[in-house]
Each structure stands twice: as C-alpha cells, then as structure tokens.
Protein chains: 2
Amino acid sequence: MNTKPKVVVIGGGTGSFVALTGLKKYPVDLSAIVTMSDSGGSNKRIRDEFGLLPTSDIRQCLVALSDENGNTGLLRQLFMYRFSKGEGISGMTFGNLFMAALSDIVGSQEEAIRQTGKVLRIRGTVIPVSFTKTNLFAEYTDGKILTEEYLIDEPPLGSVTSRIKKVYLKPKTKVNPQAIEAIKKADYIVIGPGDLYTSIIPNLLVGGITKALSETKAKKVYALNLMTKYGQTTDYKASDHIATLEKYTYKNIVDAVLVNTQKPSKEALKWYRDFEEYPVVDNLGNIKSTKIIRAPLLKNAIIEKDSSDSLKRSIIRHDPEKLASAIMELLNK
Amino acid sequence: MNTKPKVVVIGGGTGSFVALTGLKKYPVDLSAIVTMSDSGGSNKRIRDEFGLLPTSDIRQCLVALSDENGNTGLLRQLFMYRFSKGEGISGMTFGNLFMAALSDIVGSQEEAIRQTGKVLRIRGTVIPVSFTKTNLFAEYTDGKILTEEYLIDEPPLGSVTSRIKKVYLKPKTKVNPQAIEAIKKADYIVIGPGDLYTSIIPNLLVGGITKALSETKAKKVYALNLMTKYGQTTDYKASDHIATLEKYTYKNIVDAVLVNTQKPSKEALKWYRDFEEYPVVDNLGNIKSTKIIRAPLLKNAIIEKDSSDSLKRSIIRHDPEKLASAIMELLNK
C-alpha cells in the first residue's frame with residue numbers, strides 16, 4: 001500500500017520546474033498538472049509544423065522529475081539543450097524534437113510523454129491538463145485582444161498600455177481525466193509558482209478543474225510569484241494575485257499562501273527593472289481566511305541565462321530546496 | 001581475462017549495420033571501424049551547418065550494436081528515425097541531431113560518440129577511422145573529378161559515363177590510433193559488406209590502416225557485395241571487387257571471400273535494374289591464394305524502404321544471421 005502523501009503541483013514552466021525539483025527529494029507521491037496552451041518559440045513550431053500539442057512545459061516538468069545520475073543525467077542535459085546551430089534547427093530544444101519524433105513512432109503524444117518519462121526515469125507523474133488543441137486569448141481593458149499565449153506572456157516593452165480584463169481558452173478544451181483524478185485523490189495541492197495568466201490560470205480554465213479543486217479534500221497552497229510580469233501582472237500586489245486566482249475559481253480557494261521575505265540582489269533587480277518588472281509587494285497582512293507563510297525562498301546564486309528555456313527570464317527564482325522545505329513543513333502540520 | 005575472439009568490422013553504412021547486427025549475438029569482442037568521409041543528406045548538414053564530422057555511419061553502427069530491449073529499444077528506434085515534418089528539420093535523422101547536441105554538451109564529438117554508445121548500451125566499440133575533416137574525391141577515366149562522397153555514392157542515372165580511375169581523400173586525414181590498435185589486436189577482420197568506393201576504400205585510404213592490416217596476424221575476410229552499384233562498380237565482377245581492394249592495399253590482402261549463392265527475387269532484381277544495378281557475377285572459380293566460401297546469405301523477406309537510411313536503397317541485403325553465421329564458421333575453423 002502506498003501511504004506516501006499525494007502532492008499535486010499545478011502550473012507549467014519555470015515555476016513548476018523549481019517546485020518539482022525540490023519536492024522530488026521528499027517521500028511524496030508527486031504529480032504535475034501542466035498547462036497545454038503555451039505557444040512560444042520551439043512550441044510554436046511543434047504546434048504549427050508538427051501538428052502536435054505544445055511540449056515545452058511538459059518537457060520542463062519531465063526534466064525536473066528526472067533521475068540526475070548516470071546516463072539518465074546525460075539525457076536530462078540533452079532535454080534541456082537548445083540548438084544554436086543548423087538552419088531551421090537553431091532555437092529548437094532537443095527535448096521537443098525528441099518528443100515529436102517519439103510521438104510519430106509510438107503513435108500518440110500521450111504515449112510519447114509516458115515513454116519519455118520512463119526514459120528519463122522520472123519520480124512522479126506529468127499530467128497534461130488537456131490533450132485538445134487550444135489557444136489562450138487575453139482581452140485588455142482598452143478592448144485589445146491578444147490571441148496567442150506567447151504574445152500575452154512576453155509582449156514587447158511598451159506594447160501593453162492597459163490591464164488584462166480576462167483570459168480564456170478558445171476553442172474550449174476537454175480536460176484530461178487523469179488531471180481530475182489526481183486533484184480528487186490529492187492530499188496537497190500546490191498552485192504555482194508560475195506566471196499567473198499564462199502558466200497557472202490556463203490550467204484552471206480547463207473545464208472540470210475548478211470543480212475538482214472545490215471538491216477535493218486536499219489542502220491547497222498558493223506559491224506567490226516573486227516578481228510582477230510586464231503586461232501581465234504589472235503593478236499587481238500579493239492581494240491582486242490572490243484576487244485574480246479567486247476570480248477564475250472561487251473565493252478562498254487556497255488554505256495557505258507562501259510568501260518570500262528575502263530581498264533579491266541589486267543587480268538582479270536592475271535586470272528586471274529594465275523589463276519594468278518589480279518584486280511583488282506583500283500587502284497581505286494577516287488575513288483571517290488564509291494562512292500566510294512568510295519565509296526566505298530565494299535562490300541565492302546568480303542564475304546565468306543559458307540555452308535552456310527553464311531559466312529564461314528567471315534570474316530571480318525560488319530556491320527548489322527552500323520552496324520544497326516550506327511546502328513540506330505545511331504538509332506535515 | 002577476456003578470451004573472447006576480437007572481431008573487427010571495417011566499413012560503414014548498411015553493410016556494417018547488417019554485419020554488426022548479426023555478430024553482436026555471438027560471444028565475440030566486437031569493434032567497428034567506420035568511414036568518416038560520408039557527405040550525403042543529413043550528414044551534409046551536420047558537416048556544413050554544425051561544423052562536425054559526419055555521423056550517419058557512426059550512428060548506424062551504434063544502432064546495430066545497441067541493446068534492443070526496454071527503454072534502450074525505444075532509443076534505438078529514435079536513432080533510426082528520420083523527421084518528415086518541420087521546416088529545416090524534415091529529412092534530418094534524430095540520431096544525428098542527438099549526437100550534434102551531445103557533442104556541444106560534452107565538448108567533443110569523440111566523447112559524444114562514446115556517451116551515445118553508453119546510452120544505447122552497445123555491445124562492442126564503434127571506432128571512427130579518423131577525427132579530421134576530409135572529403136572523398138573520385139577521378140574517372142574520362143578525366144572528370146567528383147569532389148564529394150555523396151556525388152560518388154549516388155550519382156544521377158546517366159551522369160556517369162566512364163569508370164572510376166582512382167579515389168582519394170583530400171585533405172589527408174590523421175588516423176584514429178584506436179583504429180590501428182583494434183586492427184593490430186584483432187583475431188579476425190571482416191572487410192565489408194559495403195559500397196566498395198564509398199564505404200570500404202575510404203577507410204583503407206586513411207594513413208596507417210593498410211600498414212596495420214599488413215602487420216596484424218588477424219585473419220581477414222572480405223564479404224563481397226551482392227549487387228553492383230551504379231557509377232561506382234558498374235559491370236564489376238567478383239574479381240574486379242577483389243582486384244580493386246588489392247589495388248588500394250596490397251596483393252592477397254584477404255584470406256577468404258564470402259560469396260552469396262542465393263538468387264534474389266525477380267521483383268527485387270527489377271527494382272535494381274531500374275537503377276542499372278545487377279547481381280555481382282561470381283567469376284572467382286577456385287583461386288589458390290584465397291579461400292572462397294559460397295553460401296546462401298540473402299535476407300529472404302522483402303525489405304520495405306523506410307524512413308531510416310540504414311535500409312535506403314538496400315532491398316537486396318545480406319541476412320544478419322546468415323552472414324554472421326558464415327563469418328563465425330570461418331572463425332572457428
């Protein structure tokens with residue numbers, strides 16, 4: 001009998017990568033529910049030219065959960081590798097090409113993800129929130145509508161002059177039943193860390209997810225973002241993040257919020273300032289309904305931007321160990 | 001102490017793939033010395049755009065020697081996979097991209113080949129004949145000179161109107177010392193099967209190889225080609241193949257010649273006839289200096305052309321089991 005607590009991380013991208021990297025070292029039964037509406041870079045080509053679902057978020061979660069030793073460690077490195085040479089190949093990530101080839105060989109992307117998990121000897125389960133194609137749309141307060149995830153995620157500086165009014169998926173997607181099951185059976189659900197509108201909410205928009213969240217007896221914690229994101233959460237304070245999360249789900253969805261108290265370095269802050277991004281202000285005080293856990297959660301080392309997109313635009317990051325430790329402390333209470 | 005007989009296969013491409021696939025099932029210490037002057041298709045891009053040495057022949061030998069079970073079997077399939085989608089990606093083999101990425105990660109192509117062998121859990125050793133860049137040149141009797149391997153290997157029908165006068169490598173390459181050592185320590189050396197001018201002789205042209213072959217006490221067997229190759233060995237009978245081999249090395253280089261006696265199917269012969277290619281005529285009789293071993297060596301099944309280049313243009317092939325069995329019989333005499 002498996003008596004390990006069931007922990008589900010909901011998100012995609014760098015945030016999930018960090019959370020899973022930390023949590024896999026604990027004796028928990030770990031699952032990652034991953035957004036499937038990413039459309040940037042390598043993903044865009046996977047979607048447009050290969051006719052597949054986006055795989056970058058999946059890939060990052062698989063890498064996070066992978067065995068870091070021996071040959072598997074080498075495959076892990078390959079999975080994070082981005083080609084810098086080759087016409088039409090430069091810019092592609094090896095992992096995405098691996099999964100595209102494998103999807104063709106085994107006949108489905110779902111099976112390819114499962115097999116890739118085996119090859120990387122992952123500790124846990126990676127669950128795409130959906131297997132149907134969709135796009136993330138964002139409507140802004142000035143009436144403008146952006147129709148692809150990558151445009152919403154990384155708009156050119158100066159291009160966004162109003163706030164996001166609402167985001168939605170078009171066409172509607174069919175939820176992956178495995179995601180519902182994981183939520184229902186979970187003991188603990190970690191929402192985030194991750195970009196609010198492009199990594200977290202796209203999961204919650206998939207039919208059935210919010211309902212499952214409201215029905216599960218799992219405790220839910222929200223790992224608050226460290227920094228605002230230009231064009232997405234500009235000026236958002238901690239309370240805005242939570243209010244937005246609630247807007248797309250229901251009131252008091254989370255039992256606890258994890259808030260970082262550690263100051264980033266001046267150099268890192270300057271780097272972000274150039275992108276008009278700033279630390280998320282903690283204005284939560286001591287709200288009654290939700291437990292606020294404050295702890296130093298930052299990765300101390302300067303993160304060099306490298307060829308892997310798991311580190312792209314993430315110089316200020318959660319520390320996997322600190323984050324996991326804070327989550328586990330909550331879990332053991 | 002390793003008392004297994006040391007068997008070295010010299011060649012590249014489909015022929016080596018077949019020989020190694022068969023031989024790996026026997027208790028022998030197996031090595032493959034592989035030509036590094038291939039310049040066709042995926043290789044051309046690996047050379048031109050990635051600045052690497054060609055890897056298709058290496059890749060085929062690695063796949064041939066790989067473990068066919070479990071996750072390794074899946075990686076094996078991936079290594080044979082050729083992309084059919086993606087602008088700039090379609091036509092590339094996964095295995096070549098794998099090795100290009102790995103070369104970048106581990107810092108050298110030599111180490112990447114070694115690591116790939118580990119990942120594929122190969123039984124044996126794959127030895128590039130050289131690690132310096134070169135091209136195969138062919139001078140024809142009408143004075144025409146072709147300056148790249150792939151042009152010599154697969155010239156358009158009708159384009160070759162005279163015979164190959166000589167082939168040479170330019171610039172001269174430095175031999176991989178591991179190749180010399182393998183030849184010197186070998187108990188048995190299998191030359192071929194493989195295209196005479198583009199897979200076999202390019203190995204013999206590398207400085208030091210012929211000398212090592214003349215010095216080793218290993219028995220040498222030549223696996224004669226099944227079919228002539230347009231523009232390369234048009235009209236070559238068995239004796240022409242051996243004479244050519246001797247021209248590029250020395251008289252009586254081989255102790256034995258393996259000759260197929262089995263008739264290909266009419267359908268397969270018709271397919272080859274369209275490319276002006278015909279079964280190699282056995283005119284060897286019973287020459288004194290060399291043992292002639294005649295046996296049915298054909299693969300019976302019709303080989304479908306697939307996306308892997310190991311089967312490209314090889315509908316009539318040696319059967320790995322029959323070939324290996326004939327080689328092992330010689331070896332145990």
# chains A, B, ... in the order shown; residues from 1 in each chain; ligands from 1
>>> residues_around(residues="stretch 113-130 of chain B", least_positions_apart="5", cutoff="8 Å", atoms="only C-alpha atoms", output="ChimeraX atom specification")
/A:71 /B:24,29-36,58,61-63,65-67,72,75-76,99,173-176,178-179,203,206
>>> closest_residue(among="A:Arg59, A:Lys25, A:Lys85, A:Lys6", to="chain B", atoms="only C-alpha atoms")
A:Lys85
>>> atom_distance(atom1="atom CA of A:Lys288", atom2="atom CA of A:Val254")
12.2 Å
>>> closest_residue(among="B:Phe131, B:Tyr222, B:Phe94, B:Trp271", to="B:Val259", atoms="only C-alpha atoms")
B:Tyr222
>>> interface_residues(of="chain A", to="chain B", cutoff="10 Å", atoms="only C-alpha atoms", output="VMD selection string")
chain A and resid 45 to 46 48 to 51 70 to 72 74 to 75 77 to 79 81 to 90 92 to 95 97 to 102 104 to 106 115 to 116 118 to 121
>>> residues_around(residues="A:Leu269", least_positions_apart="3", cutoff="12 Å", atoms="only C-alpha atoms", output="list in words")
Leu226, Met227, Thr228, Lys263, Pro264, Ser265, Lys266, Tyr272, Arg273, Asp274, Phe275, Glu276, Glu277, Tyr278, Pro279, Val280, Ile302, Ser314, Ile315, Ile316 and Arg317 of chain A
>>> select_by_dssp(residues="stretch 11-134 of chain A", states="helix (DSSP H, G or I)", output="JSON, numbers by chain")
{"A": [13, 14, 15, 16, 17, 18, 19, 20, 21, 22, 23, 41, 42, 43, 44, 45, 46, 47, 48, 56, 57, 58, 59, 60, 61, 62, 63, 64, 65, 70, 71, 72, 73, 74, 75, 76, 77, 78, 79, 80, 94, 95, 96, 97, 98, 99, 100, 101, 102, 103, 104, 105, 106, 109, 110, 111, 112, 113, 114, 115, 116, 117, 118, 119]}
>>> residues_around(residues="stretch 134-139 of chain B", least_positions_apart="4", cutoff="6 Å", atoms="only C-alpha atoms", output="list in words")
Ser37, Lys144, Ile145, Leu146, Thr147, Glu148, Glu149, Ile164, Lys165, Lys166, Val167, Tyr168, Leu169, Lys170 and Pro171 of chain B
>>> atom_distance(atom1="atom CA of B:Ile209", atom2="atom CA of B:Asp255")
17.2 Å
>>> select_by_dssp(residues="stretch 94-314 of chain B", states="strand (DSSP E)", output="PyMOL selection string")
chain B and resi 125-128+135-140+145-146+164-170+188-191+219-223+256-260+291-295
>>> residues_around(residues="stretch 14-22 of chain B", least_positions_apart="6", cutoff="6 Å", atoms="only C-alpha atoms", output="list in words")
Gln60, Cys61, Ala64, Pro193, Gly194, Ser310, Pro320, Glu321 and Ala324 of chain B
>>> residues_around(residues="A:Ser325", least_positions_apart="4", cutoff="10 Å", atoms="only C-alpha atoms", output="PDB file with C-alpha atoms, in the first residue's frame")
ATOM      1  CA  GLY A  22      12.697  20.437  -4.775  1.00  0.00           C
ATOM      2  CA  LEU A  23       9.756  18.183  -3.969  1.00  0.00           C
ATOM      3  CA  TYR A  26      10.877  14.065  -0.389  1.00  0.00           C
ATOM      4  CA  LEU A 297      12.582  31.408  -0.505  1.00  0.00           C
ATOM      5  CA  ASP A 319      15.165  28.030  -4.460  1.00  0.00           C
ATOM      6  CA  PRO A 320      13.957  24.449  -5.022  1.00  0.00           C
ATOM      7  CA  GLU A 321      15.127  23.297  -1.589  1.00  0.00           C
ATOM      8  CA  GLU A 329       6.532  21.935   6.587  1.00  0.00           C
ATOM      9  CA  LEU A 330       2.981  22.984   5.830  1.00  0.00           C
ATOM     10  CA  LEU A 331       2.149  19.478   4.751  1.00  0.00           C
TER      11      LEU A 331
END
>>> residues_around(residues="B:Ile327", least_positions_apart="6", cutoff="9 Å", atoms="only C-alpha atoms", output="PyMOL selection string")
chain B and resi 23+190+221+223+258
>>> atom_distance(atom1="atom CA of A:Ser56", atom2="atom CA of A:Asn225")
20.2 Å
>>> closest_residue(among="B:Lys44, B:Thr249, B:Val160, B:Tyr188", to="B:Leu204", atoms="only C-alpha atoms")
B:Thr249
>>> closest_residue(among="A:Pro155, A:Gly41, A:Gly12, A:Pro54", to="A:Asp195", atoms="only C-alpha atoms")
A:Gly12
>>> closest_residue(among="A:Asp57, A:Asp282, A:Gly231, A:Gly11", to="A:Gly158", atoms="only C-alpha atoms")
A:Gly231
